[in-house]
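K.L.:
Just final.json, nothing more (JSON, C-alpha atoms and all ligand atoms):
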```
[["chain", "number", "residue", "atom", "x", "y", "z"],
["A", 2, "MET", "CA", -7.31, -26.87, -11.90],
["A", 3, "ASN", "CA", -7.03, -23.64, -9.93],
["A", 4, "THR", "CA", -3.27, -23.16, -9.54],
["A", 5, "HIS", "CA", -3.71, -20.58, -6.74],
["A", 6, "ILE", "CA", -5.65, -23.06, -4.61],
["A", 7, "SER", "CA", -3.13, -25.83, -5.22],
["A", 8, "ALA", "CA", -0.28, -23.44, -4.33],
["A", 9, "GLN", "CA", -2.04, -22.53, -1.06],
["A", 10, "GLN", "CA", -2.59, -26.14, -0.18],
["A", 11, "THR", "CA", 1.10, -26.96, -0.57],
["A", 12, "HIS", "CA", 2.26, -23.97, 1.51],
["A", 13, "GLN", "CA", 2.43, -24.18, 5.28],
["A", 14, "LYS", "CA", 1.16, -21.26, 7.32],
["A", 15, "LEU", "CA", 4.24, -19.19, 8.13],
["A", 16, "PRO", "CA", 5.00, -17.73, 11.59],
["A", 17, "TRP", "CA", 5.01, -14.02, 10.61],
["A", 18, "THR", "CA", 2.11, -11.57, 10.34],
["A", 19, "ARG", "CA", 3.67, -8.85, 8.21],
["A", 20, "ALA", "CA", 6.94, -8.72, 6.29],
["A", 21, "TRP", "CA", 8.80, -6.00, 4.40],
["A", 22, "VAL", "CA", 10.80, -7.24, 1.41],
["A", 23, "THR", "CA", 12.99, -4.81, -0.52],
["A", 24, "GLY", "CA", 13.90, -5.55, -4.14],
["A", 25, "ALA", "CA", 10.61, -7.42, -4.49],
["A", 26, "GLY", "CA", 9.88, -6.29, -8.04],
["A", 27, "ARG", "CA", 11.62, -9.23, -9.69],
["A", 28, "GLY", "CA", 14.16, -12.00, -9.17],
["A", 29, "ILE", "CA", 14.83, -13.44, -5.72],
["A", 30, "GLY", "CA", 12.89, -10.72, -3.88],
["A", 31, "ALA", "CA", 9.72, -11.30, -5.91],
["A", 32, "ALA", "CA", 10.00, -15.05, -5.30],
["A", 33, "ILE", "CA", 10.49, -14.50, -1.54],
["A", 34, "ALA", "CA", 7.47, -12.17, -1.46],
["A", 35, "ALA", "CA", 5.42, -14.84, -3.25],
["A", 36, "GLU", "CA", 6.48, -17.60, -0.82],
["A", 37, "LEU", "CA", 5.60, -15.40, 2.15],
["A", 38, "CYS", "CA", 2.25, -14.42, 0.64],
["A", 39, "HIS", "CA", 1.34, -18.05, -0.06],
["A", 40, "GLY", "CA", 2.25, -18.79, 3.56],
["A", 41, "GLY", "CA", -0.33, -16.28, 4.80],
["A", 42, "VAL", "CA", 1.97, -13.30, 5.42],
["A", 43, "ASP", "CA", 0.96, -9.73, 4.50],
["A", 44, "VAL", "CA", 3.92, -8.45, 2.50],
["A", 45, "TYR", "CA", 5.00, -4.85, 2.00],
["A", 46, "ALA", "CA", 6.80, -5.19, -1.33],
["A", 47, "SER", "CA", 9.33, -2.49, -2.27],
["A", 48, "ALA", "CA", 11.34, -1.63, -5.38],
["A", 49, "ARG", "CA", 11.67, 1.51, -7.48],
["A", 50, "SER", "CA", 9.42, 0.22, -10.26],
["A", 51, "GLU", "CA", 5.82, 0.59, -9.11],
["A", 52, "GLU", "CA", 4.62, -1.23, -12.22],
["A", 53, "ALA", "CA", 6.52, -4.40, -11.29],
["A", 54, "LEU", "CA", 5.09, -4.32, -7.76],
["A", 55, "ILE", "CA", 1.53, -3.83, -9.00],
["A", 56, "GLN", "CA", 2.03, -6.77, -11.36],
["A", 57, "LEU", "CA", 3.31, -8.90, -8.47],
["A", 58, "ALA", "CA", 0.30, -7.95, -6.34],
["A", 59, "SER", "CA", -2.03, -8.81, -9.20],
["A", 60, "ASP", "CA", -0.29, -12.17, -9.89],
["A", 61, "LEU", "CA", -0.62, -13.07, -6.21],
["A", 62, "GLY", "CA", -4.15, -11.72, -5.78],
["A", 63, "GLN", "CA", -5.42, -15.13, -4.68],
["A", 64, "CYS", "CA", -2.69, -16.02, -2.19],
["A", 65, "ARG", "CA", -3.43, -16.52, 1.52],
["A", 66, "GLY", "CA", -1.64, -13.33, 2.59],
["A", 67, "SER", "CA", -1.44, -10.06, 0.66],
["A", 68, "ILE", "CA", 0.99, -7.92, -1.31],
["A", 69, "THR", "CA", 1.04, -4.15, -0.72],
["A", 70, "PRO", "CA", 3.22, -2.35, -3.29],
["A", 71, "ILE", "CA", 5.44, 0.27, -1.64],
["A", 72, "PRO", "CA", 7.56, 1.83, -4.39],
["A", 73, "LEU", "CA", 10.70, 3.48, -3.06],
["A", 74, "ASP", "CA", 14.41, 3.93, -3.69],
["A", 75, "ILE", "CA", 16.48, 2.48, -0.84],
["A", 76, "CYS", "CA", 19.13, 5.14, -1.56],
["A", 77, "ASP", "CA", 16.65, 7.86, -0.53],
["A", 78, "ASP", "CA", 16.59, 7.87, 3.25],
["A", 79, "THR", "CA", 13.70, 10.37, 3.40],
["A", 80, "GLN", "CA", 11.45, 7.82, 1.68],
["A", 81, "ILE", "CA", 12.50, 5.14, 4.16],
["A", 82, "ARG", "CA", 11.90, 7.44, 7.11],
["A", 83, "ALA", "CA", 8.43, 8.38, 5.83],
["A", 84, "LEU", "CA", 7.56, 4.70, 5.47],
["A", 85, "THR", "CA", 8.71, 3.65, 8.93],
["A", 86, "GLU", "CA", 7.02, 6.69, 10.50],
["A", 87, "SER", "CA", 3.76, 5.64, 8.84],
["A", 88, "TRP", "CA", 4.14, 2.17, 10.38],
["A", 89, "GLN", "CA", 4.72, 3.80, 13.75],
["A", 90, "GLN", "CA", 1.62, 5.98, 13.43],
["A", 91, "THR", "CA", -0.64, 3.17, 12.25],
["A", 92, "ASP", "CA", 0.86, 0.49, 14.49],
["A", 93, "SER", "CA", 1.56, -1.66, 11.45],
["A", 94, "TRP", "CA", 5.24, -2.53, 11.78],
["A", 95, "PRO", "CA", 6.32, -5.73, 10.02],
["A", 96, "ASP", "CA", 7.65, -8.47, 12.29],
["A", 97, "LEU", "CA", 10.04, -9.65, 9.54],
["A", 98, "VAL", "CA", 12.25, -7.47, 7.32],
["A", 99, "ILE", "CA", 14.24, -8.85, 4.39],
["A", 100, "LEU", "CA", 16.68, -6.30, 2.99],
["A", 101, "ASN", "CA", 17.23, -7.92, -0.37],
["A", 102, "ALA", "CA", 17.43, -5.00, -2.85],
["A", 103, "GLY", "CA", 20.76, -4.85, -4.59],
["A", 104, "THR", "CA", 22.45, -4.48, -7.92],
["A", 105, "HIS", "CA", 25.45, -5.80, -9.82],
["A", 106, "ASP", "CA", 27.66, -4.10, -12.37],
["A", 107, "PRO", "CA", 30.44, -6.48, -13.42],
["A", 108, "PHE", "CA", 33.60, -4.83, -14.76],
["A", 109, "PRO", "CA", 37.28, -5.78, -15.08],
["A", 110, "ALA", "CA", 40.08, -3.76, -13.42],
["A", 111, "ARG", "CA", 40.76, -1.59, -16.50],
["A", 112, "GLU", "CA", 37.11, -0.38, -16.47],
["A", 113, "LEU", "CA", 37.01, 0.50, -12.79],
["A", 114, "THR", "CA", 35.89, 4.04, -12.10],
["A", 115, "ALA", "CA", 35.23, 5.54, -8.70],
["A", 116, "GLN", "CA", 31.82, 6.77, -9.83],
["A", 117, "ARG", "CA", 30.69, 3.34, -11.04],
["A", 118, "SER", "CA", 31.96, 1.58, -7.93],
["A", 119, "ILE", "CA", 30.52, 4.15, -5.53],
["A", 120, "GLN", "CA", 27.13, 3.91, -7.27],
["A", 121, "LEU", "CA", 27.06, 0.17, -6.70],
["A", 122, "LEU", "CA", 28.24, 0.47, -3.09],
["A", 123, "ASN", "CA", 25.66, 3.17, -2.52],
["A", 124, "THR", "CA", 22.82, 0.82, -3.45],
["A", 125, "ASN", "CA", 24.08, -2.40, -1.92],
["A", 126, "LEU", "CA", 25.61, -1.04, 1.27],
["A", 127, "ASN", "CA", 24.32, 2.47, 1.98],
["A", 128, "GLY", "CA", 20.81, 1.66, 0.73],
["A", 129, "THR", "CA", 20.66, -1.37, 2.99],
["A", 130, "LEU", "CA", 21.86, 0.76, 5.92],
["A", 131, "ASN", "CA", 19.14, 3.36, 5.19],
["A", 132, "CYS", "CA", 16.53, 0.63, 5.60],
["A", 133, "LEU", "CA", 18.25, -1.07, 8.50],
["A", 134, "GLU", "CA", 18.59, 1.94, 10.81],
["A", 135, "PRO", "CA", 14.92, 2.62, 11.67],
["A", 136, "VAL", "CA", 14.02, -1.08, 11.72],
["A", 137, "LEU", "CA", 16.87, -2.01, 14.04],
["A", 138, "LYS", "CA", 16.07, 0.91, 16.37],
["A", 139, "HIS", "CA", 12.41, -0.11, 16.58],
["A", 140, "TYR", "CA", 13.13, -3.80, 17.07],
["A", 141, "ILE", "CA", 15.70, -3.10, 19.80],
["A", 142, "ASP", "CA", 13.19, -0.81, 21.58],
["A", 143, "GLN", "CA", 10.53, -3.52, 21.36],
["A", 144, "ASP", "CA", 13.03, -6.32, 22.05],
["A", 145, "ARG", "CA", 11.57, -8.38, 19.22],
["A", 146, "GLY", "CA", 11.65, -8.68, 15.42],
["A", 147, "GLN", "CA", 13.55, -10.51, 12.69],
["A", 148, "ILE", "CA", 15.87, -9.05, 10.05],
["A", 149, "ALA", "CA", 17.63, -10.83, 7.18],
["A", 150, "ILE", "CA", 20.18, -9.08, 4.99],
["A", 151, "MET", "CA", 20.96, -10.26, 1.47],
["A", 152, "ALA", "CA", 24.70, -10.60, 0.95],
["A", 153, "SER", "CA", 26.26, -13.17, -1.41],
["A", 154, "VAL", "CA", 28.95, -15.84, -1.57],
["A", 155, "ALA", "CA", 30.72, -13.18, -3.70],
["A", 156, "GLY", "CA", 31.45, -11.50, -0.37],
["A", 157, "TYR", "CA", 33.52, -14.46, 0.88],
["A", 158, "ARG", "CA", 36.63, -13.62, -1.17],
["A", 159, "GLY", "CA", 37.56, -11.52, -4.19],
["A", 160, "LEU", "CA", 36.31, -12.76, -7.57],
["A", 161, "PRO", "CA", 37.14, -11.53, -11.10],
["A", 162, "THR", "CA", 35.06, -8.60, -12.41],
["A", 163, "ALA", "CA", 33.35, -8.26, -9.03],
["A", 164, "ALA", "CA", 35.63, -5.81, -7.21],
["A", 165, "ALA", "CA", 32.85, -3.39, -6.24],
["A", 166, "TYR", "CA", 30.09, -5.99, -5.94],
["A", 167, "GLY", "CA", 32.23, -8.32, -3.81],
["A", 168, "ALA", "CA", 33.32, -5.41, -1.61],
["A", 169, "SER", "CA", 29.70, -4.42, -1.01],
["A", 170, "LYS", "CA", 28.71, -7.98, -0.08],
["A", 171, "ALA", "CA", 31.80, -8.57, 2.10],
["A", 172, "ALA", "CA", 30.88, -5.37, 3.94],
["A", 173, "LEU", "CA", 27.33, -6.64, 4.50],
["A", 174, "ILE", "CA", 28.57, -9.99, 5.83],
["A", 175, "ASN", "CA", 30.91, -8.24, 8.27],
["A", 176, "LEU", "CA", 28.15, -5.81, 9.27],
["A", 177, "CYS", "CA", 25.82, -8.72, 10.05],
["A", 178, "GLU", "CA", 28.47, -10.58, 12.04],
["A", 179, "ALA", "CA", 29.07, -7.49, 14.17],
["A", 180, "LEU", "CA", 25.36, -6.86, 14.71],
["A", 181, "ARG", "CA", 24.72, -10.48, 15.58],
["A", 182, "LEU", "CA", 27.27, -10.14, 18.39],
["A", 183, "ASP", "CA", 25.79, -6.81, 19.52],
["A", 184, "LEU", "CA", 22.31, -8.34, 19.59],
["A", 185, "ALA", "CA", 23.31, -11.45, 21.54],
["A", 186, "GLY", "CA", 20.96, -11.96, 24.48],
["A", 187, "SER", "CA", 18.19, -9.87, 22.90],
["A", 188, "ASN", "CA", 15.11, -11.15, 21.12],
["A", 189, "VAL", "CA", 16.05, -9.44, 17.87],
["A", 190, "LYS", "CA", 17.06, -12.07, 15.36],
["A", 191, "LEU", "CA", 19.48, -11.05, 12.61],
["A", 192, "GLN", "CA", 20.63, -13.31, 9.78],
["A", 193, "VAL", "CA", 22.72, -12.97, 6.66],
["A", 194, "ILE", "CA", 21.73, -14.61, 3.37],
["A", 195, "CYS", "CA", 24.56, -15.77, 1.07],
["A", 196, "PRO", "CA", 23.23, -17.41, -2.09],
["A", 197, "GLY", "CA", 25.29, -18.90, -4.90],
["A", 198, "PHE", "CA", 24.07, -18.25, -8.45],
["A", 199, "VAL", "CA", 20.34, -17.70, -8.98],
["A", 200, "ARG", "CA", 18.80, -17.16, -12.43],
["A", 201, "THR", "CA", 17.50, -13.54, -12.40],
["A", 202, "PRO", "CA", 17.90, -10.39, -14.52],
["A", 203, "LEU", "CA", 20.97, -9.63, -12.33],
["A", 204, "THR", "CA", 22.81, -12.80, -13.35],
["A", 205, "ASP", "CA", 21.46, -12.77, -16.92],
["A", 206, "LYS", "CA", 24.25, -10.26, -17.67],
["A", 207, "ASN", "CA", 26.97, -12.75, -16.66],
["A", 208, "THR", "CA", 28.88, -13.98, -19.70],
["A", 209, "PHE", "CA", 30.46, -17.03, -18.00],
["A", 210, "SER", "CA", 28.78, -20.31, -17.18],
["A", 211, "MET", "CA", 27.38, -20.26, -13.66],
["A", 212, "PRO", "CA", 27.87, -23.47, -11.68],
["A", 213, "ALA", "CA", 24.92, -24.84, -9.67],
["A", 214, "LEU", "CA", 22.58, -22.14, -11.03],
["A", 215, "MET", "CA", 19.26, -22.16, -9.12],
["A", 216, "GLU", "CA", 15.79, -20.92, -9.99],
["A", 217, "PRO", "CA", 14.50, -17.98, -7.89],
["A", 218, "GLU", "CA", 11.56, -20.03, -6.58],
["A", 219, "ASP", "CA", 13.96, -22.65, -5.17],
["A", 220, "ALA", "CA", 16.15, -19.92, -3.71],
["A", 221, "ALA", "CA", 13.10, -18.36, -2.03],
["A", 222, "LYS", "CA", 12.17, -21.71, -0.45],
["A", 223, "GLU", "CA", 15.72, -21.98, 0.94],
["A", 224, "VAL", "CA", 15.42, -18.47, 2.37],
["A", 225, "ILE", "CA", 12.06, -19.14, 4.02],
["A", 226, "GLY", "CA", 13.39, -22.39, 5.50],
["A", 227, "GLY", "CA", 16.54, -20.64, 6.76],
["A", 228, "LEU", "CA", 14.57, -17.83, 8.36],
["A", 229, "GLN", "CA", 12.87, -20.41, 10.56],
["A", 230, "CYS", "CA", 16.08, -22.01, 11.81],
["A", 231, "GLU", "CA", 18.42, -20.79, 14.53],
["A", 232, "CYS", "CA", 21.30, -20.45, 12.07],
["A", 233, "PHE", "CA", 23.04, -17.12, 11.46],
["A", 234, "GLU", "CA", 23.87, -17.68, 7.81],
["A", 235, "ILE", "CA", 21.34, -18.82, 5.22],
["A", 236, "THR", "CA", 23.34, -20.17, 2.31],
["A", 237, "PHE", "CA", 22.64, -22.34, -0.73],
["A", 238, "PRO", "CA", 23.05, -24.42, -2.85],
["A", 239, "LYS", "CA", 24.81, -26.41, -0.16],
["A", 240, "ARG", "CA", 27.39, -28.36, -2.21],
["A", 241, "PHE", "CA", 28.56, -25.31, -4.19],
["A", 242, "VAL", "CA", 28.83, -23.23, -1.03],
["A", 243, "TYR", "CA", 30.75, -26.00, 0.71],
["A", 244, "TRP", "CA", 33.51, -25.69, -1.94],
["A", 245, "LEU", "CA", 33.52, -21.91, -1.70],
["A", 246, "LYS", "CA", 33.92, -22.11, 2.06],
["A", 247, "LEU", "CA", 36.90, -24.40, 1.56],
["A", 248, "LEU", "CA", 38.41, -21.87, -0.87],
["A", 249, "ARG", "CA", 37.94, -19.24, 1.82],
["A", 250, "ILE", "CA", 40.48, -20.88, 4.10],
["A", 251, "LEU", "CA", 43.15, -21.41, 1.43],
["A", 252, "PRO", "CA", 46.32, -19.27, 1.48],
["A", 253, "TYR", "CA", 46.34, -16.52, -1.16],
["A", 254, "SER", "CA", 48.88, -18.29, -3.39],
["A", 255, "TRP", "CA", 46.59, -21.34, -3.76],
["A", 256, "TYR", "CA", 43.40, -19.32, -3.85],
["A", 257, "PHE", "CA", 44.50, -17.06, -6.73],
["A", 258, "LYS", "CA", 45.83, -20.00, -8.77],
["A", 259, "LEU", "CA", 42.64, -22.01, -8.38],
["A", 260, "VAL", "CA", 40.24, -19.16, -9.09],
["A", 261, "GLU", "CA", 42.28, -17.95, -12.09],
["A", 262, "LYS", "CA", 42.13, -21.46, -13.52],
["A", 263, "ALA", "CA", 38.42, -21.93, -12.83],
["A", 264, "THR", "CA", 37.40, -18.57, -14.31],
["A", 265, "ARG", "CA", 39.83, -18.34, -17.25],
["A", 266, "THR", "CA", 37.91, -17.21, -20.34],
["A", 267, "GLY", "CA", 40.57, -17.82, -22.98],
["A", 268, "LYS", "CA", 41.40, -14.10, -23.49],
["B", 1, "LIG", "N1", 20.96, -13.63, -8.53],
["B", 1, "LIG", "C1", 22.00, -14.13, -7.87],
["B", 1, "LIG", "O1", 22.67, -15.08, -8.32],
["B", 1, "LIG", "C2", 22.37, -13.57, -6.53],
["B", 1, "LIG", "C3", 23.34, -14.28, -5.77],
["B", 1, "LIG", "C4", 23.70, -13.78, -4.53],
["B", 1, "LIG", "C5", 23.12, -12.63, -4.04],
["B", 1, "LIG", "N2", 22.18, -11.95, -4.80],
["B", 1, "LIG", "C6", 21.60, -10.74, -4.23],
["B", 1, "LIG", "O2", 20.20, -10.93, -4.14],
["B", 1, "LIG", "C7", 19.54, -9.66, -4.26],
["B", 1, "LIG", "C8", 18.49, -9.75, -5.34],
["B", 1, "LIG", "O3", 19.15, -10.10, -6.55],
["B", 1, "LIG", "P1", 18.38, -10.53, -7.86],
["B", 1, "LIG", "O4", 19.28, -11.46, -8.56],
["B", 1, "LIG", "O5", 17.00, -10.93, -7.56],
["B", 1, "LIG", "O6", 18.42, -9.13, -8.64],
["B", 1, "LIG", "P2", 17.38, -8.45, -9.66],
["B", 1, "LIG", "O7", 16.63, -9.48, -10.39],
["B", 1, "LIG", "O8", 18.16, -7.45, -10.41],
["B", 1, "LIG", "O9", 16.36, -7.71, -8.65],
["B", 1, "LIG", "C9", 16.81, -6.66, -7.85],
["B", 1, "LIG", "C10", 15.62, -6.00, -7.19],
["B", 1, "LIG", "O10", 16.11, -4.92, -6.39],
["B", 1, "LIG", "C11", 15.42, -3.71, -6.76],
["B", 1, "LIG", "N3", 16.32, -2.57, -6.57],
["B", 1, "LIG", "C12", 17.52, -2.35, -7.16],
["B", 1, "LIG", "N4", 17.99, -1.16, -6.78],
["B", 1, "LIG", "C13", 17.09, -0.62, -5.93],
["B", 1, "LIG", "C14", 16.99, 0.60, -5.22],
["B", 1, "LIG", "N5", 17.94, 1.56, -5.31],
["B", 1, "LIG", "N6", 15.90, 0.84, -4.43],
["B", 1, "LIG", "C15", 14.94, -0.10, -4.34],
["B", 1, "LIG", "N7", 14.95, -1.26, -4.99],
["B", 1, "LIG", "C16", 16.02, -1.51, -5.78],
["B", 1, "LIG", "C17", 15.03, -3.93, -8.22],
["B", 1, "LIG", "O11", 13.90, -3.17, -8.60],
["B", 1, "LIG", "P3", 13.99, -1.70, -9.27],
["B", 1, "LIG", "O12", 15.11, -1.73, -10.28],
["B", 1, "LIG", "O13", 12.62, -1.48, -9.84],
["B", 1, "LIG", "O14", 14.28, -0.79, -8.13],
["B", 1, "LIG", "C18", 14.63, -5.40, -8.18],
["B", 1, "LIG", "O15", 13.31, -5.54, -7.70],
["B", 1, "LIG", "C19", 20.65, -8.65, -4.54],
["B", 1, "LIG", "O16", 21.03, -8.03, -3.33],
["B", 1, "LIG", "C20", 21.79, -9.50, -5.07],
["B", 1, "LIG", "O17", 23.03, -8.91, -4.88],
["B", 1, "LIG", "C21", 21.81, -12.41, -6.03]]
```
Before we go any further, please render this structure as structure tokens.
Ligand SMILES: NC(=O)c1ccc[n+]([C@@H]2O[C@H](COP(=O)([O-])OP(=O)(O)OC[C@H]3O[C@@H](n4cnc5c(N)ncnc54)[C@H](OP(=O)(O)O)[C@@H]3O)[C@@H](O)[C@H]2O)c1

P.N.:
Amino acid sequence: MNTHISAQQTHQKLPWTRAWVTGAGRGIGAAIAAELCHGGVDVYASARSEEALIQLASDLGQCRGSITPIPLDICDDTQIRALTESWQQTDSWPDLVILNAGTHDPFPARELTAQRSIQLLNTNLNGTLNCLEPVLKHYIDQDRGQIAIMASVAGYRGLPTAAAYGASKAALINLCEALRLDLAGSNVKLQVICPGFVRTPLTDKNTFSMPALMEPEDAAKEVIGGLQCECFEITFPKRFVYWLKLLRILPYSWYFKLVEKATRTGK
């Protein structure tokens, strides 16, 4: 059986023409790019590794849409500007942008260094802002367009070994909340994505057992579904996130006790 044809048959035509997905070389971003492509969307796929993007394009050669590899570093704003200017010149702006690229570098308090933390924040927060600025400006001028920003449930409250990562994701959640309010009444749709644990090279480095771990393909389906709803936050898996949201409203004394107990490693 031709698996590409069966994949196409099971995918509904999606409501976007072109999408830009950052961090599409592997993990959640690659799975989102694949879902979009199967749904007939032409995807600009970005990451630093050109090889990974070419492989993705080749793997999805038969899908209903297309994958165009656009290797870039989100920390380099000149590369982002060149890309968005080329869309302006060729009238080929995406109508959906998913700013998913990010990194994680877990470390305990005694290993915290400014350099390490700033490097992580630079990718997750500053890199996302580099991509967001020209897109937001264009969408506001046009009064249309859809943006989704990849945060994490790790941004809800502080978690062990995730001081810098959690700070970067909390900043993104707050940024999205503020922008959502600023954009109220416009036709620019902005959403935040807060997944629980998804099995990818990023979480492969975790040494603890990850509750409710999802596969990237399932996470991508959740994202695509969420993008089509009127919700602000796209979050999954639902039951795990429900508990985390409850933890979010606990007073610090209870919160610290519970999380310490749940994450104790026996050291
Ligand atoms: N996995 C989870 O459980 C989980 C949960 C919640 C949120 N998230 C978030 O979801 C996003 C994707 O995570 P993932 O698990 O799929 O991670 P991953 O497997 O490590 O993939 C990250 C992707 O981002 C790209 N990337 C990293 N730094 C970049 C940069 N400076 N410029 C351009 N591209 C860059 C990587 O490609 P190159 O290295 O080639 O650039 C790769 O394609 C991240 O923002 C992460 O924080 C993940």

K.L.:
Around ligand LIG 1 (chain B), out to 9 Å and counting only C-alpha atoms and all ligand atoms, which residues are there? I want them as an MDAnalysis selection string.

P.N.:
chainID A and resid 23:32 47:54 72:77 100:105 123:125 128 150:155 166 169:170 194:205 211 214:215 217

K.L.:
Please identify all polymer residues lying at most 12 Å from the point (33.9, -3.1, 0.3) (file coordinates), using all atoms listed in the file, and present the result as a PyMOL selection string.

P.N.:
chain A and resi 118-119+121-123+125-127+152+155-159+163-176

K.L.:
Could you work out how far atom CA of A:Ile81 lies from atom CA of A:Pro95, giving the answer in Å with one decimal?

P.N.:
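Separating atom CA of A:Pro95 from atom CA of A:Ile81 is a distance of 13.8 Å.
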
K.L.:
What separation in Å, quoted to one decimal, exists between atom CA of A:Ala34 and atom CA of A:Ala46?

P.N.:
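About the pair atom CA of A:Ala34 and atom CA of A:Ala46: they are 7.0 Å apart.
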
K.L.:
Grab the atom CA of A:Gly41 to atom CA of A:Gln192 distance for me, in Å with one decimal place.

P.N.:
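Distance reported for this atom pair: 21.7 Å.
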
K.L.:
Between A:Lys258, A:Arg82, A:Arg111, A:His12, which has the minimum distance to A:Arg65 (counting all atoms listed in the file)?

P.N.:
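Checking each candidate against A:Arg65, we get A:His12 as the closest.
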
K.L.:
Here is a test: counting only C-alpha atoms, which residue of A:Trp21, A:Lys222, A:Lys246, A:Tyr256 is nearest to A:Leu133?

P.N.:
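Closest residue, counting only C-alpha atoms: A:Trp21.
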
K.L.:
Out of A:Asp43, A:Ala115, A:Thr18, A:Ala35, which residue has the shortest atom-to-atom distance to A:Leu61 when counting only C-alpha atoms?

P.N.:
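The answer is A:Ala35, which sits nearest to A:Leu61.
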
K.L.:
What are the nearest atom pairs, with distances in Å to one decimal, for all residues of stretch 96-144 of chain A that come at most 12 Å from stretch 83-91 of chain A, using only C-alpha atoms, set out by chain and rising residue number as JSON lines?

P.N.:
```
{"residue": "A:Asp96", "atom": "CA", "partner": "A:Trp88", "partner_atom": "CA", "distance": 11.4}
{"residue": "A:Val98", "atom": "CA", "partner": "A:Thr85", "partner_atom": "CA", "distance": 11.8}
{"residue": "A:Asn131", "atom": "CA", "partner": "A:Thr85", "partner_atom": "CA", "distance": 11.1}
{"residue": "A:Cys132", "atom": "CA", "partner": "A:Thr85", "partner_atom": "CA", "distance": 9.0}
{"residue": "A:Leu133", "atom": "CA", "partner": "A:Thr85", "partner_atom": "CA", "distance": 10.7}
{"residue": "A:Glu134", "atom": "CA", "partner": "A:Thr85", "partner_atom": "CA", "distance": 10.2}
{"residue": "A:Pro135", "atom": "CA", "partner": "A:Thr85", "partner_atom": "CA", "distance": 6.9}
{"residue": "A:Val136", "atom": "CA", "partner": "A:Thr85", "partner_atom": "CA", "distance": 7.6}
{"residue": "A:Leu137", "atom": "CA", "partner": "A:Thr85", "partner_atom": "CA", "distance": 11.2}
{"residue": "A:Lys138", "atom": "CA", "partner": "A:Thr85", "partner_atom": "CA", "distance": 10.8}
{"residue": "A:His139", "atom": "CA", "partner": "A:Gln89", "partner_atom": "CA", "distance": 9.1}
{"residue": "A:Tyr140", "atom": "CA", "partner": "A:Gln89", "partner_atom": "CA", "distance": 11.8}
```
